[in-house]
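Engineer: I'm passing along final_30.json; it holds JSON, C-alpha atoms.
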```json
[["chain", "number", "residue", "atom", "x", "y", "z"],
["A", 172, "MET", "CA", 10.48, 5.62, 8.19],
["A", 173, "SER", "CA", 11.47, 2.08, 7.21],
["A", 174, "ASP", "CA", 12.95, 1.10, 3.84],
["A", 175, "PHE", "CA", 9.63, -0.58, 3.10],
["A", 176, "GLU", "CA", 7.79, 2.71, 3.65],
["A", 177, "THR", "CA", 10.42, 4.68, 1.76],
["A", 178, "ARG", "CA", 9.89, 2.53, -1.33],
["A", 179, "LEU", "CA", 6.08, 2.74, -1.19],
["A", 180, "THR", "CA", 5.56, 6.44, -0.47],
["A", 181, "PRO", "CA", 6.77, 7.86, -3.82],
["A", 182, "VAL", "CA", 4.78, 5.26, -5.77],
["A", 183, "PHE", "CA", 1.63, 6.21, -3.88],
["A", 184, "THR", "CA", 2.16, 9.89, -4.73],
["A", 185, "GLU", "CA", 3.49, 9.61, -8.27],
["A", 186, "GLN", "CA", 1.54, 6.68, -9.67],
["A", 187, "TYR", "CA", -1.67, 6.82, -7.66],
["A", 188, "GLY", "CA", -1.98, 10.55, -7.00],
["A", 189, "ALA", "CA", -2.05, 10.43, -3.20],
["A", 190, "ASP", "CA", -0.84, 13.57, -1.46],
["A", 191, "ARG", "CA", 2.37, 13.23, 0.54],
["A", 192, "GLU", "CA", 0.73, 13.03, 3.98],
["A", 193, "VAL", "CA", -1.76, 10.38, 2.88],
["A", 194, "ALA", "CA", 0.99, 8.42, 1.11],
["A", 195, "GLU", "CA", 3.23, 8.43, 4.18],
["A", 196, "ARG", "CA", 0.37, 7.33, 6.44],
["A", 197, "ALA", "CA", -0.64, 4.59, 4.00],
["A", 198, "ALA", "CA", 2.94, 3.33, 3.74],
["A", 199, "ALA", "CA", 3.20, 3.25, 7.54],
["A", 200, "ASN", "CA", -0.07, 1.30, 7.69],
["A", 201, "VAL", "CA", 1.17, -1.26, 5.17],
["A", 202, "ALA", "CA", 4.43, -1.61, 7.11],
["A", 203, "ALA", "CA", 2.52, -2.18, 10.36],
["A", 204, "PHE", "CA", 0.22, -4.70, 8.65],
["A", 205, "ARG", "CA", 3.27, -6.46, 7.24],
["A", 206, "GLU", "CA", 4.94, -6.61, 10.64],
["A", 207, "SER", "CA", 1.91, -8.03, 12.41],
["A", 208, "HIS", "CA", 0.22, -10.19, 9.74],
["A", 209, "ALA", "CA", 2.31, -10.77, 6.61],
["A", 210, "GLU", "CA", 6.04, -10.71, 7.30],
["A", 211, "ASP", "CA", 6.83, -12.08, 3.84],
["A", 212, "LEU", "CA", 4.97, -9.26, 2.05],
["A", 213, "THR", "CA", 7.25, -7.42, -0.36],
["A", 214, "THR", "CA", 6.77, -3.94, -1.76],
["A", 215, "GLU", "CA", 6.44, -5.48, -5.22],
["A", 216, "ALA", "CA", 3.69, -7.86, -4.06],
["A", 217, "PHE", "CA", 1.78, -5.07, -2.35],
["A", 218, "LEU", "CA", 2.07, -2.77, -5.36],
["A", 219, "GLU", "CA", 0.88, -5.56, -7.65],
["A", 220, "THR", "CA", -2.14, -6.09, -5.40],
["A", 221, "LEU", "CA", -2.77, -2.34, -5.33],
["A", 222, "ASP", "CA", -2.59, -2.21, -9.11],
["A", 223, "GLU", "CA", -5.08, -5.09, -9.37],
["A", 224, "ALA", "CA", -7.51, -3.25, -7.07],
["A", 225, "ASP", "CA", -8.80, -1.37, -10.09],
["A", 226, "SER", "CA", -12.46, -1.37, -9.05],
["A", 227, "TYR", "CA", -11.81, 2.13, -7.73],
["A", 228, "ASP", "CA", -10.02, 5.15, -9.16],
["A", 229, "GLY", "CA", -9.36, 6.93, -5.86],
["A", 230, "PHE", "CA", -6.24, 5.97, -3.95],
["A", 231, "ALA", "CA", -7.95, 5.51, -0.57],
["A", 232, "HIS", "CA", -10.46, 2.99, -1.92],
["A", 233, "ARG", "CA", -7.84, 1.12, -3.95],
["A", 234, "PHE", "CA", -5.60, 0.99, -0.90],
["A", 235, "ASP", "CA", -8.38, -0.39, 1.33],
["A", 236, "LEU", "CA", -9.26, -3.04, -1.25],
["A", 237, "ALA", "CA", -5.61, -4.08, -1.58],
["A", 238, "ILE", "CA", -5.23, -4.45, 2.19],
["A", 239, "GLU", "CA", -8.45, -6.49, 2.34],
["A", 240, "SER", "CA", -7.20, -8.73, -0.47],
["A", 241, "ILE", "CA", -3.90, -9.39, 1.25],
["A", 242, "GLY", "CA", -5.60, -9.93, 4.59],
["A", 243, "ALA", "CA", -7.89, -12.53, 3.04],
["A", 244, "GLU", "CA", -4.97, -14.62, 1.75]]
```
Can you present the structure in this file as structure tokens?
Structural biologist:
Amino acid sequence: MSDFETRLTPVFTEQYGADREVAERAAANVAAFRESHAEDLTTEAFLETLDEADSYDGFAHRFDLAIESIGAE
């Protein structure tokens, strides 16, 4: 697990209520997205985007919306 993933995983579980397995998979997905499409993406920037994706309460939908938002930039 990368440092990027290590910083995201506990936030996903503690702040957004994702279970550990989902949080780890989501963090790995963000890290892969970052590596292939957005090398300058920081954990802070992703978490801000995730926080702004407040159209949904559930973590999975918020996460998807955040990834879509970053991908559209």
Engineer: Considering only C-alpha atoms, tabulate each residue of region 182-208 of chain A that lies at most 8 Å from region 217-240 of chain A along with its nearest interatomic pair and the corresponding distance in Å to one decimal; arrange the rows by chain and ascending residue number and present them as CSV.
Structural biologist:
```
residue,atom,partner,partner_atom,distance
A:Phe183,CA,A:Phe230,CA,7.9
A:Tyr187,CA,A:Phe230,CA,5.9
A:Gly188,CA,A:Phe230,CA,7.0
A:Ala189,CA,A:Phe230,CA,6.2
A:Ala197,CA,A:Phe234,CA,7.8
A:Val201,CA,A:Ile238,CA,7.7
```
Engineer: Take CA of Glu176 (chain A) and CA of Ala199 (chain A) and report the distance between them in Å, one decimal.
Structural biologist: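 For CA of Glu176 (chain A) relative to CA of Ala199 (chain A), the distance reads 6.0 Å.
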Engineer: For CA of Val182 (chain A) and CA of Glu206 (chain A), quote the distance in Å rounded to one decimal.
Structural biologist: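 So the answer is 20.3 Å.
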Engineer: Hey, can you check how far CA of Pro181 (chain A) sits from CA of Ala209 (chain A)?
Structural biologist: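 Rounded to one decimal, the two atoms are 21.8 Å apart.
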Engineer: Extract, using all atoms listed in the file, all DNA, RNA and protein residues at most 8 Å from Thr214 (chain A), discarding same-chain residues fewer than 5 positions from it, and format them as a list in words.
Structural biologist: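 These residues fall inside the cut-off: Phe175, Arg178 and Leu179 of chain A.
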Engineer: Which is closest to Ala203 (chain A) among A:Glu185, A:Ser173, A:Asp190, A:Glu215, if we use only C-alpha atoms?
Structural biologist: A:Ser173
Engineer: Can you work out which one of A:His208, A:Ala243, A:Thr180, A:Asp174 has the shortest atom-to-atom distance to Glu195 (chain A), counting only C-alpha atoms?
Structural biologist: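 Closest candidate: A:Thr180.
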Engineer: Step by step, gather every atom of region 184-200 of chain A that the file lists, find the box along x, y and z that holds them, add 8 Å on each side, and finally give centre and edge lengths in Å to one decimal, as lines of an AutoDock Vina configuration file.
Structural biologist:
```
center_x = 0.7
center_y = 7.4
center_z = -1.0
size_x = 21.5
size_y = 28.3
size_z = 33.4
```
Engineer: Rebuild region 204-240 of chain A so that it carries N, CA and C atoms, then output the result as a compact mmCIF listing (two decimals), in the frame of the given file.
Structural biologist:
```
# COMPACT_ATOMS: atom_id res chain seq x y z
N PHE A 204 0.95 -3.49 9.03
CA PHE A 204 0.22 -4.70 8.65
C PHE A 204 1.21 -5.82 8.34
N ARG A 205 2.24 -5.49 7.61
CA ARG A 205 3.27 -6.46 7.24
C ARG A 205 3.93 -7.04 8.48
N GLU A 206 4.27 -6.18 9.41
CA GLU A 206 4.94 -6.61 10.64
C GLU A 206 4.06 -7.54 11.47
N SER A 207 2.78 -7.25 11.53
CA SER A 207 1.91 -8.03 12.41
C SER A 207 1.21 -9.21 11.72
N HIS A 208 1.03 -9.15 10.40
CA HIS A 208 0.22 -10.19 9.74
C HIS A 208 0.85 -10.86 8.53
N ALA A 209 1.80 -10.23 7.89
CA ALA A 209 2.31 -10.77 6.61
C ALA A 209 3.79 -10.44 6.46
N GLU A 210 4.62 -11.05 7.29
CA GLU A 210 6.04 -10.71 7.30
C GLU A 210 6.73 -10.93 5.96
N ASP A 211 6.20 -11.81 5.13
CA ASP A 211 6.83 -12.08 3.84
C ASP A 211 6.34 -11.16 2.72
N LEU A 212 5.48 -10.20 3.05
CA LEU A 212 4.97 -9.26 2.05
C LEU A 212 6.08 -8.35 1.55
N THR A 213 6.25 -8.30 0.24
CA THR A 213 7.25 -7.42 -0.36
C THR A 213 6.56 -6.17 -0.91
N THR A 214 7.35 -5.15 -1.16
CA THR A 214 6.77 -3.94 -1.76
C THR A 214 6.19 -4.28 -3.13
N GLU A 215 6.90 -5.11 -3.88
CA GLU A 215 6.44 -5.48 -5.22
C GLU A 215 5.09 -6.20 -5.15
N ALA A 216 4.95 -7.12 -4.20
CA ALA A 216 3.69 -7.86 -4.06
C ALA A 216 2.56 -6.92 -3.66
N PHE A 217 2.84 -5.99 -2.74
CA PHE A 217 1.78 -5.07 -2.35
C PHE A 217 1.39 -4.17 -3.52
N LEU A 218 2.38 -3.66 -4.24
CA LEU A 218 2.07 -2.77 -5.36
C LEU A 218 1.32 -3.50 -6.47
N GLU A 219 1.62 -4.77 -6.67
CA GLU A 219 0.88 -5.56 -7.65
C GLU A 219 -0.58 -5.71 -7.21
N THR A 220 -0.79 -5.97 -5.93
CA THR A 220 -2.14 -6.09 -5.40
C THR A 220 -2.87 -4.76 -5.51
N LEU A 221 -2.18 -3.67 -5.22
CA LEU A 221 -2.77 -2.34 -5.33
C LEU A 221 -3.16 -2.05 -6.78
N ASP A 222 -2.30 -2.43 -7.69
CA ASP A 222 -2.59 -2.21 -9.11
C ASP A 222 -3.80 -3.02 -9.56
N GLU A 223 -3.95 -4.22 -9.02
CA GLU A 223 -5.08 -5.09 -9.37
C GLU A 223 -6.39 -4.61 -8.75
N ALA A 224 -6.31 -3.77 -7.75
CA ALA A 224 -7.51 -3.25 -7.07
C ALA A 224 -8.09 -2.11 -7.90
N ASP A 225 -8.40 -2.42 -9.15
CA ASP A 225 -8.80 -1.37 -10.09
C ASP A 225 -10.31 -1.13 -10.13
N SER A 226 -11.02 -1.64 -9.13
CA SER A 226 -12.46 -1.37 -9.05
C SER A 226 -12.71 0.10 -8.70
N TYR A 227 -11.69 0.74 -8.17
CA TYR A 227 -11.81 2.13 -7.73
C TYR A 227 -10.71 2.97 -8.37
N ASP A 228 -11.02 4.23 -8.64
CA ASP A 228 -10.02 5.15 -9.16
C ASP A 228 -9.27 5.84 -8.03
N GLY A 229 -9.97 6.19 -6.95
CA GLY A 229 -9.36 6.93 -5.86
C GLY A 229 -8.38 6.08 -5.07
N PHE A 230 -7.29 6.69 -4.66
CA PHE A 230 -6.24 5.97 -3.95
C PHE A 230 -6.76 5.31 -2.67
N ALA A 231 -7.51 6.03 -1.87
CA ALA A 231 -7.95 5.51 -0.57
C ALA A 231 -8.75 4.22 -0.74
N HIS A 232 -9.65 4.19 -1.70
CA HIS A 232 -10.46 2.99 -1.92
C HIS A 232 -9.62 1.84 -2.48
N ARG A 233 -8.73 2.15 -3.39
CA ARG A 233 -7.84 1.12 -3.95
C ARG A 233 -6.98 0.54 -2.84
N PHE A 234 -6.46 1.42 -1.99
CA PHE A 234 -5.60 0.99 -0.90
C PHE A 234 -6.36 0.05 0.04
N ASP A 235 -7.57 0.44 0.43
CA ASP A 235 -8.38 -0.39 1.33
C ASP A 235 -8.65 -1.76 0.71
N LEU A 236 -8.98 -1.78 -0.57
CA LEU A 236 -9.26 -3.04 -1.25
C LEU A 236 -8.01 -3.92 -1.31
N ALA A 237 -6.86 -3.32 -1.54
CA ALA A 237 -5.61 -4.08 -1.58
C ALA A 237 -5.30 -4.69 -0.22
N ILE A 238 -5.47 -3.92 0.85
CA ILE A 238 -5.23 -4.45 2.19
C ILE A 238 -6.20 -5.59 2.49
N GLU A 239 -7.46 -5.42 2.13
CA GLU A 239 -8.45 -6.49 2.34
C GLU A 239 -8.06 -7.75 1.57
N SER A 240 -7.60 -7.58 0.35
CA SER A 240 -7.20 -8.73 -0.47
C SER A 240 -6.04 -9.49 0.15
```
